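Step one of this worksheet: look at the structure below.
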Amino acid sequence: CLIRSFGAILDESQNGPNQPVWLETYENKLQTVNPYSSELIQTEKDICLLEQQRLELFRKRDRILEYAGLLYATDDELKQLVRRAFRLLGFELPDPPEHVSQAGLDLYLRDTTSHPIAGMIATTENKPIEYAVYKKLIDKVDQLDKGEKPSPLLVVNGPFGKPPIKRTAIFEKKIIEVNWTKQIGLITTVQLYEIVCLILENAFSPHIDLIKELIRADIGSLDGLFETDLRKYLAAGTIKTPDQKKRRKKEKSPA
């Protein structure tokens with residue numbers, strides 16, 4: 001945004017274009033002739049600054065909206081967004097080992113703060129996720145009898161036919177009851193979207209890496225319903241992460 005000169009502003013005034021060319025120089029040297037000239041120039045500067053701020057807000061908003069499909073998308077579109085969100089959190093998404101690939105799972109995540117994670121992505125439009133979907137994940141995980149057995153995770157978008165605030169019953173009651181013993185991680189795409197918003201809003205925070213590490217550790221150790229506690233993550237500057245604790249313990253141990 002370019003700051004316009006007094007002459008440019010003057011040309012827009014009701015006095016028309018017949019003003020002599022020396023008026024701008026005279027006005028600059030003797031602003032008491034028209035005390036509003038400097039105010040107009042300052043206002044132009046303020047407008048430019050506001051326009052820059054406006055464009056930056058649009059950029060940030062659009063960056064977050066790139067993930068809005070987490071709230072309503074299905075099938076391959078949702079899977080791509082879920083994987084993209086986990087990458088944003090700092091998870092690695094390598095090609096899964098052969099025994100995991102053969103099980104037909106949708107996700108395979110790795111991270112230094114946790115055990116490998118493998119899971120399914122499921123959707124439902126107008127009703128809670130059925131137990132049959134949950135049982136399908138259990139059966140797939142039970143097939144992993146060779147090699148390293150990853151932690152199971154069920155990522156759910158639903159009921160996506162309702163606004164997020166009205167999605168009260170997301171899982172069938174039987175899933176919650178059985179999961180006390182099966183201890184499978186359960187997370188919704190609404191929660192994932194809220195986490196993405198937190199990360200993007202604090203992208204330039206000096207603690208952003210710690211925030212991501214805390215989130216990855218919580219997801220990696222998940223054995224039930226995920227609880228979105230954004231305040232805990234925002235307090236990352238005062239919280240020791242799992243990796244930090246390990247490093248601190250190693251430093252204190254005798255050589």
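As shown in the structure tokens, the chain order sets the letters A, B, ...; within each chain, residues go from 1, and ligands are also counted from 1 in the order they appear.
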Task: All helix (DSSP H, G or I) residues (DSSP, backbone) inside segment 17-252 of chain A, as a VMD selection string - done: chain A and resid 23 to 29 31 to 33 36 to 65 68 to 71 75 to 88 98 to 102 131 to 142 164 to 166 173 to 182 189 to 201 208 to 220 230 to 234 236 to 238 242 to 252
Show me a table, sorted first by chain and then by increasing residue number, of the residues of segment 68-105 of chain A having an atom at most 9 Å from segment 153-173 of chain A, each with its shortest atom pair and the distance in Å to one decimal, counting only C-alpha atoms and written as a tab-separated table.
residue	atom	partner	partner_atom	distance
A:Leu70	CA	A:Asn157	CA	7.3
A:Leu71	CA	A:Phe160	CA	6.6
A:Tyr72	CA	A:Phe160	CA	5.2
A:Ala73	CA	A:Asn157	CA	7.9
A:Thr74	CA	A:Asn157	CA	7.9
A:Leu78	CA	A:Asn157	CA	8.5
A:Val82	CA	A:Val155	CA	8.4
N, CA, C and O atoms of the current selection, written as a PDB file, in the first residue's frame:
ATOM      1  N   LEU A  70     -11.953 -31.202   7.981  1.00  0.00           N
ATOM      2  CA  LEU A  70     -11.945 -32.169   9.079  1.00  0.00           C
ATOM      3  C   LEU A  70     -13.311 -32.254   9.754  1.00  0.00           C
ATOM      4  O   LEU A  70     -13.643 -33.259  10.387  1.00  0.00           O
ATOM      5  N   LEU A  71     -14.111 -31.203   9.624  1.00  0.00           N
ATOM      6  CA  LEU A  71     -15.410 -31.137  10.290  1.00  0.00           C
ATOM      7  C   LEU A  71     -16.537 -31.774   9.476  1.00  0.00           C
ATOM      8  O   LEU A  71     -17.592 -32.078  10.026  1.00  0.00           O
ATOM      9  N   TYR A  72     -16.320 -31.977   8.178  1.00  0.00           N
ATOM     10  CA  TYR A  72     -17.429 -32.459   7.345  1.00  0.00           C
ATOM     11  C   TYR A  72     -17.031 -33.415   6.223  1.00  0.00           C
ATOM     12  O   TYR A  72     -17.896 -34.061   5.627  1.00  0.00           O
ATOM     13  N   ALA A  73     -15.754 -33.528   5.905  1.00  0.00           N
ATOM     14  CA  ALA A  73     -15.328 -34.348   4.774  1.00  0.00           C
ATOM     15  C   ALA A  73     -15.472 -35.840   5.070  1.00  0.00           C
ATOM     16  O   ALA A  73     -15.597 -36.267   6.226  1.00  0.00           O
ATOM     17  N   THR A  74     -15.451 -36.643   4.018  1.00  0.00           N
ATOM     18  CA  THR A  74     -15.549 -38.100   4.149  1.00  0.00           C
ATOM     19  C   THR A  74     -14.547 -38.753   3.205  1.00  0.00           C
ATOM     20  O   THR A  74     -13.885 -38.102   2.406  1.00  0.00           O
ATOM     21  N   LEU A  78     -11.176 -36.871   3.584  1.00  0.00           N
ATOM     22  CA  LEU A  78     -10.981 -36.824   5.031  1.00  0.00           C
ATOM     23  C   LEU A  78      -9.659 -37.485   5.415  1.00  0.00           C
ATOM     24  O   LEU A  78      -8.921 -36.964   6.258  1.00  0.00           O
ATOM     25  N   VAL A  82      -6.722 -35.692   7.574  1.00  0.00           N
ATOM     26  CA  VAL A  82      -6.293 -36.250   8.858  1.00  0.00           C
ATOM     27  C   VAL A  82      -4.779 -36.477   8.845  1.00  0.00           C
ATOM     28  O   VAL A  82      -4.068 -36.107   9.790  1.00  0.00           O
TER      29      VAL A  82
END
TODO: Select from segment 9-242 of chain A everything DSSP, run on the backbone, classes as strand (DSSP E or B), then give the selection as JSON, numbers by chain.
DONE: {"A": [92, 107, 108, 109, 110, 111, 114, 115, 116, 117, 118, 119, 120, 121, 122, 123, 129, 151, 152, 153, 154, 155, 156, 157, 171, 185, 186, 187, 188, 225]}
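Pairwise distance (atom CA of Ile215 of chain A, atom CA of Asn126 of chain A) equals 29.2 Å.
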For the interface of segment 143-235 of chain A with segment 110-119 of chain A (cut-off 9 Å, counting only C-alpha atoms), please tabulate each contacting residue of segment 143-235 of chain A alongside its nearest pair of atoms and their separation in Å to one decimal, rows sorted by chain and increasing number, as a Markdown table.
| residue | atom | partner | partner_atom | distance |
| --- | --- | --- | --- | --- |
| A:Glu148 | CA | A:Pro116 | CA | 8.5 |
| A:Lys149 | CA | A:Pro116 | CA | 7.9 |
| A:Pro150 | CA | A:Pro116 | CA | 4.8 |
| A:Ser151 | CA | A:Ile117 | CA | 4.6 |
| A:Pro152 | CA | A:Ala118 | CA | 5.2 |
| A:Leu153 | CA | A:Gly119 | CA | 4.4 |
| A:Leu154 | CA | A:Gly119 | CA | 5.5 |
| A:Val155 | CA | A:Gly119 | CA | 7.4 |
| A:Gly185 | CA | A:Gly119 | CA | 8.9 |
| A:Glu213 | CA | A:Thr113 | CA | 7.4 |
| A:Leu214 | CA | A:Thr113 | CA | 8.8 |
| A:Arg216 | CA | A:Thr113 | CA | 7.1 |
| A:Ala217 | CA | A:Thr113 | CA | 5.6 |
| A:Asp218 | CA | A:Ser114 | CA | 8.8 |
| A:Ile219 | CA | A:Ser114 | CA | 8.5 |
| A:Gly220 | CA | A:Ser114 | CA | 5.0 |
| A:Ser221 | CA | A:Ser114 | CA | 6.7 |
Would you put the residues from that selection into a file with N, CA and C atoms, as a compact mmCIF listing (two decimals), in the first residue's frame?
# COMPACT_ATOMS: atom_id res chain seq x y z
N GLU A 148 6.46 -55.55 15.27
CA GLU A 148 6.08 -54.56 16.27
C GLU A 148 4.58 -54.28 16.20
N LYS A 149 3.93 -54.29 17.36
CA LYS A 149 2.50 -54.06 17.41
C LYS A 149 2.23 -52.61 17.80
N PRO A 150 1.71 -51.78 16.88
CA PRO A 150 1.48 -50.36 17.19
C PRO A 150 0.28 -50.14 18.09
N SER A 151 0.22 -48.97 18.68
CA SER A 151 -0.94 -48.60 19.50
C SER A 151 -2.11 -48.28 18.57
N PRO A 152 -3.31 -48.79 18.88
CA PRO A 152 -4.46 -48.55 18.00
C PRO A 152 -5.11 -47.20 18.26
N LEU A 153 -5.63 -46.59 17.19
CA LEU A 153 -6.28 -45.28 17.28
C LEU A 153 -7.45 -45.24 16.31
N LEU A 154 -8.61 -44.82 16.81
CA LEU A 154 -9.79 -44.64 15.97
C LEU A 154 -10.09 -43.16 15.85
N VAL A 155 -10.00 -42.63 14.63
CA VAL A 155 -10.27 -41.21 14.35
C VAL A 155 -11.65 -41.13 13.73
N GLY A 185 -7.31 -45.87 21.62
CA GLY A 185 -7.39 -44.42 21.57
C GLY A 185 -8.55 -43.96 20.68
N GLU A 213 5.06 -31.31 20.90
CA GLU A 213 5.57 -32.51 21.55
C GLU A 213 4.60 -33.02 22.61
N LEU A 214 4.02 -32.10 23.38
CA LEU A 214 3.04 -32.49 24.39
C LEU A 214 1.82 -33.16 23.76
N ARG A 216 1.64 -34.67 20.81
CA ARG A 216 2.01 -35.98 20.26
C ARG A 216 2.13 -37.02 21.37
N ALA A 217 2.69 -36.61 22.50
CA ALA A 217 2.82 -37.55 23.62
C ALA A 217 1.46 -37.98 24.14
N ASP A 218 0.51 -37.05 24.22
CA ASP A 218 -0.83 -37.40 24.70
C ASP A 218 -1.55 -38.33 23.74
N ILE A 219 -1.42 -38.06 22.44
CA ILE A 219 -2.06 -38.92 21.45
C ILE A 219 -1.38 -40.29 21.43
N GLY A 220 -0.07 -40.29 21.55
CA GLY A 220 0.67 -41.55 21.52
C GLY A 220 0.37 -42.46 22.70
N SER A 221 0.01 -41.88 23.83
CA SER A 221 -0.29 -42.69 25.03
C SER A 221 -1.79 -42.84 25.26
- [ ] Would you mind telling me which residue in A:Ile138, A:Leu230, A:Ile47, A:Ala122 lies nearest to Ile199 of chain A when using only C-alpha atoms?
- [x] A:Leu230
Open item on the list: I want to know what sits within 9 Å of Lys60 of chain A, based on only C-alpha atoms, with residues of the same chain fewer than 4 positions away left out; could you give that as a VMD selection string?
Closed with: chain A and resid 55 to 56 64 to 65 200 to 201
Those selected residues, please, written with N, CA, C and O atoms and delivered as a short mmCIF file (atom, residue, chain, number, x, y, z; two decimals), in the first residue's frame.
data_model
loop_
_atom_site.label_atom_id
_atom_site.label_comp_id
_atom_site.auth_asym_id
_atom_site.auth_seq_id
_atom_site.Cartn_x
_atom_site.Cartn_y
_atom_site.Cartn_z
N LEU A 55 -5.09 -7.95 5.31
CA LEU A 55 -4.59 -9.00 4.42
C LEU A 55 -3.93 -10.12 5.20
O LEU A 55 -4.07 -11.30 4.86
N GLU A 56 -3.22 -9.76 6.28
CA GLU A 56 -2.57 -10.78 7.12
C GLU A 56 -3.62 -11.63 7.83
O GLU A 56 -3.46 -12.86 7.95
N ILE A 64 -6.14 -21.63 8.24
CA ILE A 64 -6.91 -22.50 9.13
C ILE A 64 -8.04 -23.18 8.37
O ILE A 64 -8.32 -24.37 8.56
N LEU A 65 -8.70 -22.44 7.47
CA LEU A 65 -9.83 -23.00 6.72
C LEU A 65 -9.40 -24.12 5.79
O LEU A 65 -10.25 -24.90 5.33
N LEU A 200 -1.67 -23.45 14.53
CA LEU A 200 -1.52 -22.39 13.54
C LEU A 200 -1.59 -21.01 14.19
O LEU A 200 -0.89 -20.08 13.77
N GLU A 201 -2.43 -20.85 15.21
CA GLU A 201 -2.54 -19.56 15.89
C GLU A 201 -1.28 -19.22 16.69
O GLU A 201 -1.00 -18.05 16.96
#
